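*Asks:* Dumping the structure here so I can ask a few things about it.
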Amino acid sequence: MLLFKNKSAFKNPGIFNKMIMLISFLLLLSFLFSLIFLQYVYRIYDHQIYEKASEVLGMSSVSIENELKELEQLSFTVVSDEQIQNCLRQLLDNPSPYERQLLHNKIINRLVAFAGAEKYVYSMILMDANDGVMTAGNREWLSETLQDQLKPLAVAGAGSNIWYTQGSKNSLLAVRQIKSYTGSTFTLDNLGTLVIRIRVERIIADSTIIAGDGGQLIVVDKGTGRSVYPGEPLLLPGELAREVQRPEAYRTVGYSKGTYFVTKTNSSYMDWTYINATPFNEMFRQITFVKRLVVFIFGCILLLGLLLGYRLARSIVRPISKLTEKMRRIEKGDLDNLEEQALGFVSQTAQDEVSQLNRTFQMMIRRIRELIDENYAKQLVIRETELKALQAQINPHFLYNTLESINWLAKVNKQKQISEMVEALGFLLRSSIGLKDPLISLEKELNIVRSYVIIQRTRFEERLDFRLDVPDGLLDALIPKLTLQPLVENAIRYALEPNIGACIISISISRTEDGLDLRVSDNGPGMTAEFIRELEQGRIQTRGEGIGLANITERIRIVFGQEWGTGIESRPGKGTTIHVHIPYVRGEYRHVQITAGG
């Protein structure tokens with residue numbers, strides 16, 4: 001059962017769970033997309049770094065080789081110097097020791113002039129054909145063994161420059177045989193050997209910009225596999241030999257001293273290979289830090305987004321849940337909690353949908369409370385009215401018997417006027433009490449009016465001139481009970497009573513296109529248009545105590561509809577006419593209800 005409930009909740013999650021799942025899905029999707037995109041960007045960036053490092057290494061090697069070419073040109077300039085050539089040829093003639101020493105000094109001075117102008121020259125050593133040695137610059141001597149090694153190399157070079165790596169000292173030597181020439185003619189006589197010791201470390205330092213913290217540029221002689229520079233490279237001899245044989249221009253490789261990012265290029269001038277080895281962790285420390293920082297920031301953004309999404313979903317769902325709970329209490333009939341305080345604070349300025357929903361619910365509750373109070377008040381009025389009706393109820397038969405007794409006494413005493421008045425009053429009493437239907441025929445309504453006029457003539461005599469103009473064919477038309485009699489009563493009250501002369505009050509009825517027009521007219525003082533407007537708007541309180549014009553209008557609209565009613569036509573000094581507009585309906589009241597309702 002619990003498993004079924006969980007499956008049902010998973011299949012039909014609430015708004016809150018749906019929003020959380022949607023926000024989580026969107027955030028995770030964005031996170032994964034950004035992570036994949038960043039990895040792609042980082043890969044391109046790393047590739048560009050590798051390419052750039054390889055290009056920089058190539059430029060550095062070109063710069064080194066240009067310096068070596070200039071030093072090669074320097075060696076040619078030295079061996080072809082005219083003064084050195086003359087001194088060496090004179091040494092071939094076995095001069096005296098004193099002359100030999102003078103010649104040696106001249107050669108040394110000339111070598112000093114050449115060596116002093118070159119910052120990359122450590123020393124210059126010249127060995128003449130008679131094994132005399134002259135040195136300029138650093139006084140480091142060449143061993144006899146090394147001299148024996150260099151002379152055959154120079155002879156093999158036949159006057160061209162030979163580059164020689166000294167070995168354990170990692171010194172670079174430029175070796176050239178000195179050939180005799182006069183002017184532009186070479187005699188090819190061996191005059192000696194020139195050895196220039198090169199500051200290779202300074203050349204590399206000035207030409208290299210790629211070796212960073214922990215990195216090292218290694219120059220390897222491919223022929224011997226030994227390091228030309230530096231003396232103690234990061235890579236072991238065997239590792240250098242393997243690296244020289246690999247075809248890749250750059251790669252990341254693990255060696256005995258750690259993992260290195262290695263870029264490599266071969267020299268086009270020397271039989272060398274340039275290798276730049278940079279510890280991988282040192283080179284990519286900042287990049288790795290940035291990568292981890294970006295992932296960390298994205299993770300924080302993800303968690304923050306989930307938190308904000310949770311708060312957002314809760315801010316939306318929580319008011320709806322509270323509203324739903326209140327609706328359920330109301331559905332159960334818990335009307336005691338309909339007060340506005342039960343809703344708590346509802347913002348009147350917020351325009352979001354939840355606030356509008358709460359405001360609408362608040363207005364609904366207020367309207368329900370008003371309807372309940374209104375209905376309760378009406379019920380009290382109805383009960384009070386019923387009580388008063390019961391208290392004021394008199395037996396109609398007792399009244400009728402009393403009026404019959406008065407009528408009999410009037411007839412016995414030959415008081416015809418009193419008899420007619422009593423009979424009219426009895427008819428009025430029977431009509432108002434006995435007729436239960438709200439609609440009666442026009443003929444019955446006119447009989448009520450005649451009885452009322454008989455009573456009023458007793459009072460006003462010849463001053464009341466009542467006239468009736470009703471076609472016989474309209475006497476069966478149905479009309480709301482007590483419609484014309486109150487209008488005649490109002491005409492007597494407001495047109496006849498204030499005057500001392502005669503007053504004509506008439507009732508005329510005619511057919512219209514859509515119904516009947518019932519008119520009650522008098523020739524009284526009339527009313528102004530402003531007075532009629534205020535009267536229709538209910539802003540004037542009349543002094544009448546009977547059924548007013550508003551009551552008649554309301555009953556007509558209840559029975560026949562809002563398009564029917566009354567109207568006033570009056571001018572000061574010209575009298576007043578009340579128009580009653582009703583549909584022309586004939587037959588029984590039940591038929592009228594169907595007709596009016598349909």
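To be explicit about the labels: the chains of the structure tokens are called A, B, and onward in the order shown, and within each one the residues are counted from 1, while ligands get numbers from 1 in the order they are shown.
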Determine, counting only C-alpha atoms, which protein, DNA and RNA residues have an atom within 12 Å of an atom of A:Glu72; residues of the same chain fewer than 2 positions away are not included. Present the result as an NGL selection string.
*Replies:* :A and (65-70 or 74-79 or 120-121 or 159-163 or 173-176 or 194-198 or 269-270)
*Asks:* Residues of the last selection are to be written out with C-alpha atoms, as a compact mmCIF listing (two decimals), in the first residue's frame.
*Replies:*
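The resulting out.txt:
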# COMPACT_ATOMS: atom_id res chain seq x y z
CA GLU A 65 71.33 29.65 -34.92
CA ASN A 66 71.52 33.21 -36.27
CA GLU A 67 73.92 34.06 -33.46
CA LEU A 68 75.99 30.96 -34.26
CA LYS A 69 76.11 31.94 -37.91
CA GLU A 70 77.43 35.35 -36.95
CA LEU A 74 83.59 35.99 -37.02
CA SER A 75 85.91 32.98 -37.21
CA PHE A 76 86.27 33.51 -40.94
CA THR A 77 87.02 37.20 -40.36
CA VAL A 78 89.75 36.30 -37.83
CA VAL A 79 91.49 33.68 -39.98
CA TYR A 120 79.25 35.72 -26.85
CA VAL A 121 83.00 34.94 -27.20
CA GLY A 159 89.33 25.83 -43.88
CA SER A 160 85.59 25.60 -43.09
CA ASN A 161 84.14 26.13 -39.62
CA ILE A 162 83.76 23.07 -37.44
CA TRP A 163 81.54 23.12 -34.33
CA LEU A 173 84.05 25.44 -29.73
CA ALA A 174 84.29 26.92 -33.19
CA VAL A 175 87.35 25.33 -34.88
CA ARG A 176 88.79 26.50 -38.24
CA LEU A 194 91.83 28.95 -34.64
CA VAL A 195 89.66 27.86 -31.70
CA ILE A 196 86.89 30.15 -30.42
CA ARG A 197 85.26 29.17 -27.14
CA ILE A 198 81.53 30.24 -27.33
CA TYR A 269 71.83 24.60 -39.30
CA MET A 270 73.32 22.33 -36.68
*Asks:* Could you name the residues that touch stretch 486-489 of chain A at 12 Å or less, counting only C-alpha atoms, but leaving out those on the same chain fewer than 5 positions away, as a short mmCIF file (atom, residue, chain, number, x, y, z; two decimals) with C-alpha atoms, in the first residue's frame?
*Replies:*
data_model
loop_
_atom_site.label_atom_id
_atom_site.label_comp_id
_atom_site.auth_asym_id
_atom_site.auth_seq_id
_atom_site.Cartn_x
_atom_site.Cartn_y
_atom_site.Cartn_z
CA GLU A 445 -59.64 46.89 -10.94
CA LEU A 446 -62.08 49.54 -12.25
CA ILE A 448 -62.26 48.90 -6.97
CA VAL A 449 -61.64 52.40 -8.34
CA ARG A 450 -65.40 53.14 -8.55
CA SER A 451 -65.92 52.04 -4.96
CA TYR A 452 -63.03 54.28 -3.84
CA VAL A 453 -64.48 57.24 -5.81
CA ILE A 455 -66.31 57.06 -0.76
CA GLN A 456 -64.29 60.15 -1.79
CA LEU A 464 -64.53 65.63 -7.56
CA ASP A 465 -65.26 65.20 -11.27
CA PHE A 466 -64.29 61.59 -12.09
CA ARG A 467 -64.33 60.43 -15.68
CA LEU A 468 -63.75 56.97 -17.19
CA PRO A 480 -51.57 43.95 -11.28
CA LYS A 481 -54.02 44.39 -8.42
CA TYR A 494 -52.01 66.16 -4.68
CA ALA A 495 -54.44 67.70 -7.21
CA LEU A 496 -57.83 67.94 -5.46
CA GLU A 497 -57.07 68.51 -1.80
CA CYS A 503 -60.81 68.87 -10.12
CA ILE A 504 -61.19 66.55 -13.06
CA ILE A 505 -59.64 63.11 -12.55
CA SER A 506 -59.89 60.72 -15.48
CA ILE A 507 -58.84 57.20 -16.41
CA LEU A 518 -53.24 53.18 -18.91
CA ARG A 519 -53.45 56.90 -18.13
CA VAL A 520 -54.57 58.55 -14.88
CA SER A 521 -54.84 62.33 -15.45
CA ASP A 522 -55.75 65.35 -13.40
CA GLY A 544 -48.20 59.89 1.16
CA GLU A 545 -48.73 56.85 3.37
CA GLY A 546 -50.31 54.49 0.80
CA ILE A 547 -48.92 52.62 -2.18
CA GLY A 548 -46.52 54.88 -4.04
CA LEU A 549 -45.58 55.16 -7.69
CA ALA A 550 -42.28 53.33 -7.07
CA ASN A 551 -44.14 50.39 -5.56
CA ILE A 552 -46.43 50.16 -8.60
CA THR A 553 -43.47 50.34 -10.99
CA THR A 566 -44.67 53.82 -15.40
CA GLY A 567 -43.98 57.30 -16.66
CA ILE A 568 -44.88 60.86 -15.61
CA THR A 576 -50.33 65.63 -14.45
CA THR A 577 -50.74 62.37 -16.32
CA ILE A 578 -49.37 59.05 -15.04
CA HIS A 579 -48.78 56.49 -17.78
CA VAL A 580 -48.79 52.79 -16.97
#
*Asks:* Fewer than 5 positions away in the same chain doesn't count, so skip those; otherwise give me all residues within 9 Å of A:Leu111, counting only C-alpha atoms, as a ChimeraX atom specification.
*Replies:* /A:78,84,106,116,124-126,134-137
*Asks:* Quick one: pick out all helix (DSSP H, G or I) residues within stretch 45-269 of chain A from a backbone DSSP run and write them as a PyMOL selection string.
*Replies:* chain A and resi 45-79+82-91+97-116+144-157+200-207+237-245
*Asks:* Quick one: of A:Phe33, A:Val220, A:Asp81, A:Ser267, who's nearest to A:Val244, counting only C-alpha atoms?
*Replies:* A:Val220
*Asks:* Between A:Leu308, A:Ile44, A:Ile316, A:Ala205, which is the closest to A:Ser355 once you count only C-alpha atoms?
*Replies:*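 Ranking A:Leu308, A:Ile44, A:Ile316, A:Ala205 by distance to A:Ser355, first place goes to A:Ile316.
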*Asks:* Can you list, as a ChimeraX atom specification, every protein, DNA or RNA residue that comes within 12 Å of A:Leu57 when you count only C-alpha atoms, leaving out same-chain residues fewer than 4 positions away?
*Replies:* /A:50-53,61-64,204,207-211,216-219,249-250,262-267,273-277
*Asks:* Let's have the selection written as a PDB file, in the first residue's frame, with C-alpha atoms.
*Replies:*
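Okay, this is what ended up in part.pdb:
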ATOM      1  CA  TYR A  50      50.817  23.738 -27.273  1.00  0.00           C
ATOM      2  CA  GLU A  51      50.988  25.176 -30.768  1.00  0.00           C
ATOM      3  CA  LYS A  52      52.186  28.521 -29.453  1.00  0.00           C
ATOM      4  CA  ALA A  53      54.860  26.898 -27.295  1.00  0.00           C
ATOM      5  CA  SER A  61      66.113  28.006 -32.172  1.00  0.00           C
ATOM      6  CA  VAL A  62      66.255  30.278 -35.209  1.00  0.00           C
ATOM      7  CA  SER A  63      67.543  33.121 -33.015  1.00  0.00           C
ATOM      8  CA  ILE A  64      70.254  30.871 -31.513  1.00  0.00           C
ATOM      9  CA  ILE A 204      70.507  30.588 -25.195  1.00  0.00           C
ATOM     10  CA  SER A 207      67.436  34.018 -27.375  1.00  0.00           C
ATOM     11  CA  THR A 208      65.033  31.986 -25.235  1.00  0.00           C
ATOM     12  CA  ILE A 209      61.778  33.283 -23.702  1.00  0.00           C
ATOM     13  CA  ILE A 210      59.928  30.053 -23.136  1.00  0.00           C
ATOM     14  CA  ALA A 211      61.600  28.491 -20.141  1.00  0.00           C
ATOM     15  CA  GLN A 216      64.409  24.130 -19.104  1.00  0.00           C
ATOM     16  CA  LEU A 217      65.613  24.412 -22.682  1.00  0.00           C
ATOM     17  CA  ILE A 218      67.839  21.475 -23.582  1.00  0.00           C
ATOM     18  CA  VAL A 219      70.067  21.447 -26.651  1.00  0.00           C
ATOM     19  CA  ALA A 249      56.383  18.147 -31.997  1.00  0.00           C
ATOM     20  CA  TYR A 250      54.821  18.392 -28.537  1.00  0.00           C
ATOM     21  CA  VAL A 262      57.763  18.668 -23.950  1.00  0.00           C
ATOM     22  CA  THR A 263      58.067  20.639 -27.185  1.00  0.00           C
ATOM     23  CA  LYS A 264      60.754  19.726 -29.717  1.00  0.00           C
ATOM     24  CA  THR A 265      62.219  21.097 -32.940  1.00  0.00           C
ATOM     25  CA  ASN A 266      65.216  20.083 -35.063  1.00  0.00           C
ATOM     26  CA  SER A 267      67.889  22.544 -36.106  1.00  0.00           C
ATOM     27  CA  THR A 273      67.589  19.035 -31.420  1.00  0.00           C
ATOM     28  CA  TYR A 274      66.016  21.722 -29.243  1.00  0.00           C
ATOM     29  CA  ILE A 275      63.842  20.376 -26.441  1.00  0.00           C
ATOM     30  CA  ASN A 276      61.850  22.552 -24.041  1.00  0.00           C
ATOM     31  CA  ALA A 277      60.755  20.565 -20.982  1.00  0.00           C
TER      32      ALA A 277
END
*Asks:* If you measure from atom CA of A:Leu306 to atom CA of A:Glu353, what distance in Å do you get, rounded to one decimal?
*Replies:*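 Separating atom CA of A:Leu306 from atom CA of A:Glu353 is a distance of 22.6 Å.
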*Asks:* Write down as a PyMOL selection string the residues belonging to stretch 183-249 of chain A that are assigned strand (DSSP E or B) by DSSP computed on the backbone.
*Replies:* chain A and resi 185-198+216-221+227-229
*Asks:* Now that the selection is made, can you save its residues with N, CA, C and O atoms as a PDB file, in the first residue's frame?
*Replies:*
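Generated file (part-v9.pdb):
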ATOM      1  N   THR A 185      94.521  35.435 -53.465  1.00  0.00           N
ATOM      2  CA  THR A 185      95.045  34.156 -53.906  1.00  0.00           C
ATOM      3  C   THR A 185      95.353  33.294 -52.699  1.00  0.00           C
ATOM      4  O   THR A 185      96.078  33.688 -51.786  1.00  0.00           O
ATOM      5  N   PHE A 186      94.762  32.094 -52.664  1.00  0.00           N
ATOM      6  CA  PHE A 186      95.015  31.138 -51.601  1.00  0.00           C
ATOM      7  C   PHE A 186      96.142  30.202 -52.026  1.00  0.00           C
ATOM      8  O   PHE A 186      96.087  29.576 -53.082  1.00  0.00           O
ATOM      9  N   THR A 187      97.160  30.102 -51.117  1.00  0.00           N
ATOM     10  CA  THR A 187      98.234  29.143 -51.370  1.00  0.00           C
ATOM     11  C   THR A 187      97.961  27.806 -50.717  1.00  0.00           C
ATOM     12  O   THR A 187      98.666  26.832 -50.959  1.00  0.00           O
ATOM     13  N   LEU A 188      96.905  27.798 -49.810  1.00  0.00           N
ATOM     14  CA  LEU A 188      96.479  26.591 -49.092  1.00  0.00           C
ATOM     15  C   LEU A 188      97.550  26.065 -48.141  1.00  0.00           C
ATOM     16  O   LEU A 188      97.507  24.903 -47.712  1.00  0.00           O
ATOM     17  N   ASP A 189      98.520  26.923 -47.806  1.00  0.00           N
ATOM     18  CA  ASP A 189      99.509  26.499 -46.811  1.00  0.00           C
ATOM     19  C   ASP A 189      98.877  26.564 -45.433  1.00  0.00           C
ATOM     20  O   ASP A 189      98.096  27.468 -45.112  1.00  0.00           O
ATOM     21  N   ASN A 190      99.191  25.577 -44.597  1.00  0.00           N
ATOM     22  CA  ASN A 190      98.651  25.531 -43.242  1.00  0.00           C
ATOM     23  C   ASN A 190      99.425  26.489 -42.364  1.00  0.00           C
ATOM     24  O   ASN A 190     100.619  26.287 -42.103  1.00  0.00           O
ATOM     25  N   LEU A 191      98.734  27.508 -41.875  1.00  0.00           N
ATOM     26  CA  LEU A 191      99.359  28.504 -41.002  1.00  0.00           C
ATOM     27  C   LEU A 191      99.057  28.249 -39.532  1.00  0.00           C
ATOM     28  O   LEU A 191      99.681  28.871 -38.662  1.00  0.00           O
ATOM     29  N   GLY A 192      98.061  27.425 -39.224  1.00  0.00           N
ATOM     30  CA  GLY A 192      97.709  27.181 -37.829  1.00  0.00           C
ATOM     31  C   GLY A 192      96.226  26.829 -37.687  1.00  0.00           C
ATOM     32  O   GLY A 192      95.516  26.583 -38.674  1.00  0.00           O
ATOM     33  N   THR A 193      95.758  26.818 -36.413  1.00  0.00           N
ATOM     34  CA  THR A 193      94.360  26.464 -36.113  1.00  0.00           C
ATOM     35  C   THR A 193      93.767  27.503 -35.161  1.00  0.00           C
ATOM     36  O   THR A 193      94.402  27.845 -34.143  1.00  0.00           O
ATOM     37  N   LEU A 194      92.543  27.984 -35.493  1.00  0.00           N
ATOM     38  CA  LEU A 194      91.829  28.951 -34.637  1.00  0.00           C
ATOM     39  C   LEU A 194      90.724  28.220 -33.873  1.00  0.00           C
ATOM     40  O   LEU A 194      89.917  27.497 -34.475  1.00  0.00           O
ATOM     41  N   VAL A 195      90.708  28.439 -32.546  1.00  0.00           N
ATOM     42  CA  VAL A 195      89.658  27.856 -31.699  1.00  0.00           C
ATOM     43  C   VAL A 195      88.966  29.003 -30.953  1.00  0.00           C
ATOM     44  O   VAL A 195      89.647  29.762 -30.249  1.00  0.00           O
ATOM     45  N   ILE A 196      87.680  29.116 -31.128  1.00  0.00           N
ATOM     46  CA  ILE A 196      86.892  30.148 -30.423  1.00  0.00           C
ATOM     47  C   ILE A 196      85.959  29.440 -29.431  1.00  0.00           C
ATOM     48  O   ILE A 196      85.127  28.602 -29.832  1.00  0.00           O
ATOM     49  N   ARG A 197      86.146  29.760 -28.173  1.00  0.00           N
ATOM     50  CA  ARG A 197      85.262  29.173 -27.144  1.00  0.00           C
ATOM     51  C   ARG A 197      84.008  30.071 -27.045  1.00  0.00           C
ATOM     52  O   ARG A 197      84.108  31.273 -26.808  1.00  0.00           O
ATOM     53  N   ILE A 198      82.802  29.493 -27.244  1.00  0.00           N
ATOM     54  CA  ILE A 198      81.528  30.237 -27.329  1.00  0.00           C
ATOM     55  C   ILE A 198      80.809  30.186 -25.986  1.00  0.00           C
ATOM     56  O   ILE A 198      80.751  29.142 -25.326  1.00  0.00           O
ATOM     57  N   GLN A 216      63.012  24.166 -18.677  1.00  0.00           N
ATOM     58  CA  GLN A 216      64.409  24.130 -19.104  1.00  0.00           C
ATOM     59  C   GLN A 216      64.484  23.857 -20.604  1.00  0.00           C
ATOM     60  O   GLN A 216      63.780  22.984 -21.130  1.00  0.00           O
ATOM     61  N   LEU A 217      65.328  24.664 -21.273  1.00  0.00           N
ATOM     62  CA  LEU A 217      65.613  24.412 -22.682  1.00  0.00           C
ATOM     63  C   LEU A 217      66.861  23.536 -22.762  1.00  0.00           C
ATOM     64  O   LEU A 217      67.913  23.860 -22.201  1.00  0.00           O
ATOM     65  N   ILE A 218      66.744  22.436 -23.461  1.00  0.00           N
ATOM     66  CA  ILE A 218      67.839  21.475 -23.582  1.00  0.00           C
ATOM     67  C   ILE A 218      68.225  21.397 -25.044  1.00  0.00           C
ATOM     68  O   ILE A 218      67.377  21.193 -25.917  1.00  0.00           O
ATOM     69  N   VAL A 219      69.535  21.586 -25.289  1.00  0.00           N
ATOM     70  CA  VAL A 219      70.067  21.447 -26.651  1.00  0.00           C
ATOM     71  C   VAL A 219      70.848  20.141 -26.703  1.00  0.00           C
ATOM     72  O   VAL A 219      71.807  19.939 -25.946  1.00  0.00           O
ATOM     73  N   VAL A 220      70.415  19.237 -27.584  1.00  0.00           N
ATOM     74  CA  VAL A 220      70.972  17.887 -27.648  1.00  0.00           C
ATOM     75  C   VAL A 220      71.674  17.703 -28.989  1.00  0.00           C
ATOM     76  O   VAL A 220      71.129  18.049 -30.053  1.00  0.00           O
ATOM     77  N   ASP A 221      72.886  17.188 -28.929  1.00  0.00           N
ATOM     78  CA  ASP A 221      73.617  16.814 -30.134  1.00  0.00           C
ATOM     79  C   ASP A 221      73.098  15.456 -30.590  1.00  0.00           C
ATOM     80  O   ASP A 221      73.247  14.445 -29.895  1.00  0.00           O
ATOM     81  N   SER A 227      73.926  16.227 -24.108  1.00  0.00           N
ATOM     82  CA  SER A 227      73.375  17.571 -23.944  1.00  0.00           C
ATOM     83  C   SER A 227      74.461  18.592 -24.217  1.00  0.00           C
ATOM     84  O   SER A 227      75.513  18.596 -23.556  1.00  0.00           O
ATOM     85  N   VAL A 228      74.214  19.456 -25.208  1.00  0.00           N
ATOM     86  CA  VAL A 228      75.106  20.590 -25.448  1.00  0.00           C
ATOM     87  C   VAL A 228      74.917  21.627 -24.369  1.00  0.00           C
ATOM     88  O   VAL A 228      75.846  22.259 -23.900  1.00  0.00           O
ATOM     89  N   TYR A 229      73.657  21.809 -24.013  1.00  0.00           N
ATOM     90  CA  TYR A 229      73.301  22.755 -22.948  1.00  0.00           C
ATOM     91  C   TYR A 229      71.992  22.257 -22.340  1.00  0.00           C
ATOM     92  O   TYR A 229      71.092  21.804 -23.067  1.00  0.00           O
TER      93      TYR A 229
END
*Asks:* Hey, which of A:Tyr255, A:Glu232, A:Leu88, A:Gly524 ends up closest to A:Arg493? Count only C-alpha atoms.
*Replies:*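 Closest candidate: A:Gly524.
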*Asks:* Determine, counting only C-alpha atoms, which protein, DNA and RNA residues have an atom within 10 Å of an atom of stretch 309-312 of chain A; residues of the same chain fewer than 6 positions away are not included. Present the result as a PyMOL selection string.
*Replies:* chain A and resi 16-17+19-24+27+303+318
*Asks:* Those same residues - all heavy atoms - I'd like them written as an mmCIF file, in the first residue's frame.
*Replies:*
data_model
loop_
_atom_site.group_PDB
_atom_site.id
_atom_site.type_symbol
_atom_site.label_atom_id
_atom_site.label_comp_id
_atom_site.auth_asym_id
_atom_site.auth_seq_id
_atom_site.Cartn_x
_atom_site.Cartn_y
_atom_site.Cartn_z
ATOM 1 N N PHE A 16 4.301 22.046 -6.282
ATOM 2 C CA PHE A 16 5.596 22.280 -5.653
ATOM 3 C C PHE A 16 6.646 21.313 -6.197
ATOM 4 O O PHE A 16 7.736 21.715 -6.611
ATOM 5 C CB PHE A 16 5.461 22.142 -4.138
ATOM 6 C CG PHE A 16 6.750 22.333 -3.392
ATOM 7 C CD1 PHE A 16 7.250 23.602 -3.163
ATOM 8 C CD2 PHE A 16 7.465 21.240 -2.919
ATOM 9 C CE1 PHE A 16 8.439 23.787 -2.483
ATOM 10 C CE2 PHE A 16 8.654 21.414 -2.245
ATOM 11 C CZ PHE A 16 9.132 22.697 -2.021
ATOM 12 N N ASN A 17 6.305 20.004 -6.207
ATOM 13 C CA ASN A 17 7.260 19.012 -6.703
ATOM 14 C C ASN A 17 7.542 19.202 -8.186
ATOM 15 O O ASN A 17 8.675 19.028 -8.648
ATOM 16 C CB ASN A 17 6.723 17.603 -6.451
ATOM 17 C CG ASN A 17 6.640 17.283 -4.966
ATOM 18 O OD1 ASN A 17 7.425 17.798 -4.180
ATOM 19 N ND2 ASN A 17 5.687 16.452 -4.582
ATOM 20 N N MET A 19 7.496 22.051 -9.842
ATOM 21 C CA MET A 19 8.373 23.202 -10.000
ATOM 22 C C MET A 19 9.801 22.869 -9.594
ATOM 23 O O MET A 19 10.761 23.262 -10.272
ATOM 24 C CB MET A 19 7.839 24.374 -9.179
ATOM 25 C CG MET A 19 6.524 24.938 -9.691
ATOM 26 S SD MET A 19 6.040 26.420 -8.805
ATOM 27 C CE MET A 19 7.342 27.546 -9.296
ATOM 28 N N ILE A 20 9.959 22.135 -8.482
ATOM 29 C CA ILE A 20 11.306 21.759 -8.034
ATOM 30 C C ILE A 20 11.981 20.879 -9.087
ATOM 31 O O ILE A 20 13.162 21.072 -9.429
ATOM 32 C CB ILE A 20 11.238 21.041 -6.673
ATOM 33 C CG1 ILE A 20 10.811 22.019 -5.569
ATOM 34 C CG2 ILE A 20 12.576 20.411 -6.336
ATOM 35 C CD1 ILE A 20 11.782 23.150 -5.353
ATOM 36 N N MET A 21 11.240 19.906 -9.630
ATOM 37 C CA MET A 21 11.826 19.023 -10.641
ATOM 38 C C MET A 21 12.180 19.799 -11.899
ATOM 39 O O MET A 21 13.240 19.584 -12.506
ATOM 40 C CB MET A 21 10.856 17.883 -10.963
ATOM 41 C CG MET A 21 10.744 16.841 -9.842
ATOM 42 S SD MET A 21 9.820 15.371 -10.332
ATOM 43 C CE MET A 21 8.176 16.053 -10.484
ATOM 44 N N LEU A 22 11.299 20.718 -12.301
ATOM 45 C CA LEU A 22 11.569 21.510 -13.506
ATOM 46 C C LEU A 22 12.793 22.405 -13.317
ATOM 47 O O LEU A 22 13.687 22.456 -14.180
ATOM 48 C CB LEU A 22 10.349 22.351 -13.859
ATOM 49 C CG LEU A 22 10.498 23.288 -15.064
ATOM 50 C CD1 LEU A 22 10.788 22.471 -16.319
ATOM 51 C CD2 LEU A 22 9.247 24.128 -15.252
ATOM 52 N N ILE A 23 12.844 23.094 -12.178
ATOM 53 C CA ILE A 23 13.989 23.985 -11.911
ATOM 54 C C ILE A 23 15.276 23.179 -11.812
ATOM 55 O O ILE A 23 16.319 23.565 -12.364
ATOM 56 C CB ILE A 23 13.736 24.793 -10.632
ATOM 57 C CG1 ILE A 23 12.572 25.774 -10.841
ATOM 58 C CG2 ILE A 23 14.979 25.557 -10.208
ATOM 59 C CD1 ILE A 23 12.131 26.485 -9.590
ATOM 60 N N SER A 24 15.224 22.026 -11.117
ATOM 61 C CA SER A 24 16.420 21.188 -10.990
ATOM 62 C C SER A 24 16.875 20.680 -12.354
ATOM 63 O O SER A 24 18.067 20.680 -12.673
ATOM 64 C CB SER A 24 16.128 20.008 -10.059
ATOM 65 O OG SER A 24 15.731 20.457 -8.782
ATOM 66 N N LEU A 27 18.444 23.605 -14.301
ATOM 67 C CA LEU A 27 19.748 23.974 -13.757
ATOM 68 C C LEU A 27 20.806 22.914 -14.073
ATOM 69 O O LEU A 27 21.933 23.238 -14.470
ATOM 70 C CB LEU A 27 19.642 24.190 -12.249
ATOM 71 C CG LEU A 27 18.903 25.458 -11.799
ATOM 72 C CD1 LEU A 27 18.752 25.477 -10.296
ATOM 73 C CD2 LEU A 27 19.645 26.703 -12.272
ATOM 74 N N LEU A 303 23.627 25.098 -6.612
ATOM 75 C CA LEU A 303 23.014 24.993 -5.289
ATOM 76 C C LEU A 303 22.187 26.235 -4.966
ATOM 77 O O LEU A 303 21.074 26.138 -4.424
ATOM 78 C CB LEU A 303 24.105 24.793 -4.231
ATOM 79 C CG LEU A 303 24.897 23.477 -4.320
ATOM 80 C CD1 LEU A 303 25.985 23.454 -3.250
ATOM 81 C CD2 LEU A 303 23.961 22.282 -4.165
ATOM 82 N N ARG A 318 2.666 27.733 -1.208
ATOM 83 C CA ARG A 318 2.190 27.852 0.168
ATOM 84 C C ARG A 318 0.905 28.666 0.282
ATOM 85 O O ARG A 318 -0.052 28.217 0.922
ATOM 86 C CB ARG A 318 3.298 28.455 1.029
ATOM 87 C CG ARG A 318 2.992 28.424 2.520
ATOM 88 C CD ARG A 318 4.180 28.918 3.331
ATOM 89 N NE ARG A 318 3.927 28.852 4.753
ATOM 90 C CZ ARG A 318 4.783 29.250 5.676
ATOM 91 N NH1 ARG A 318 5.973 29.716 5.300
ATOM 92 N NH2 ARG A 318 4.497 29.159 6.968
#
*Asks:* Nearest to A:Asp131: which of A:Met363, A:Met327, A:Leu91, A:Ile108 is it, counting only C-alpha atoms?
*Replies:* A:Leu91
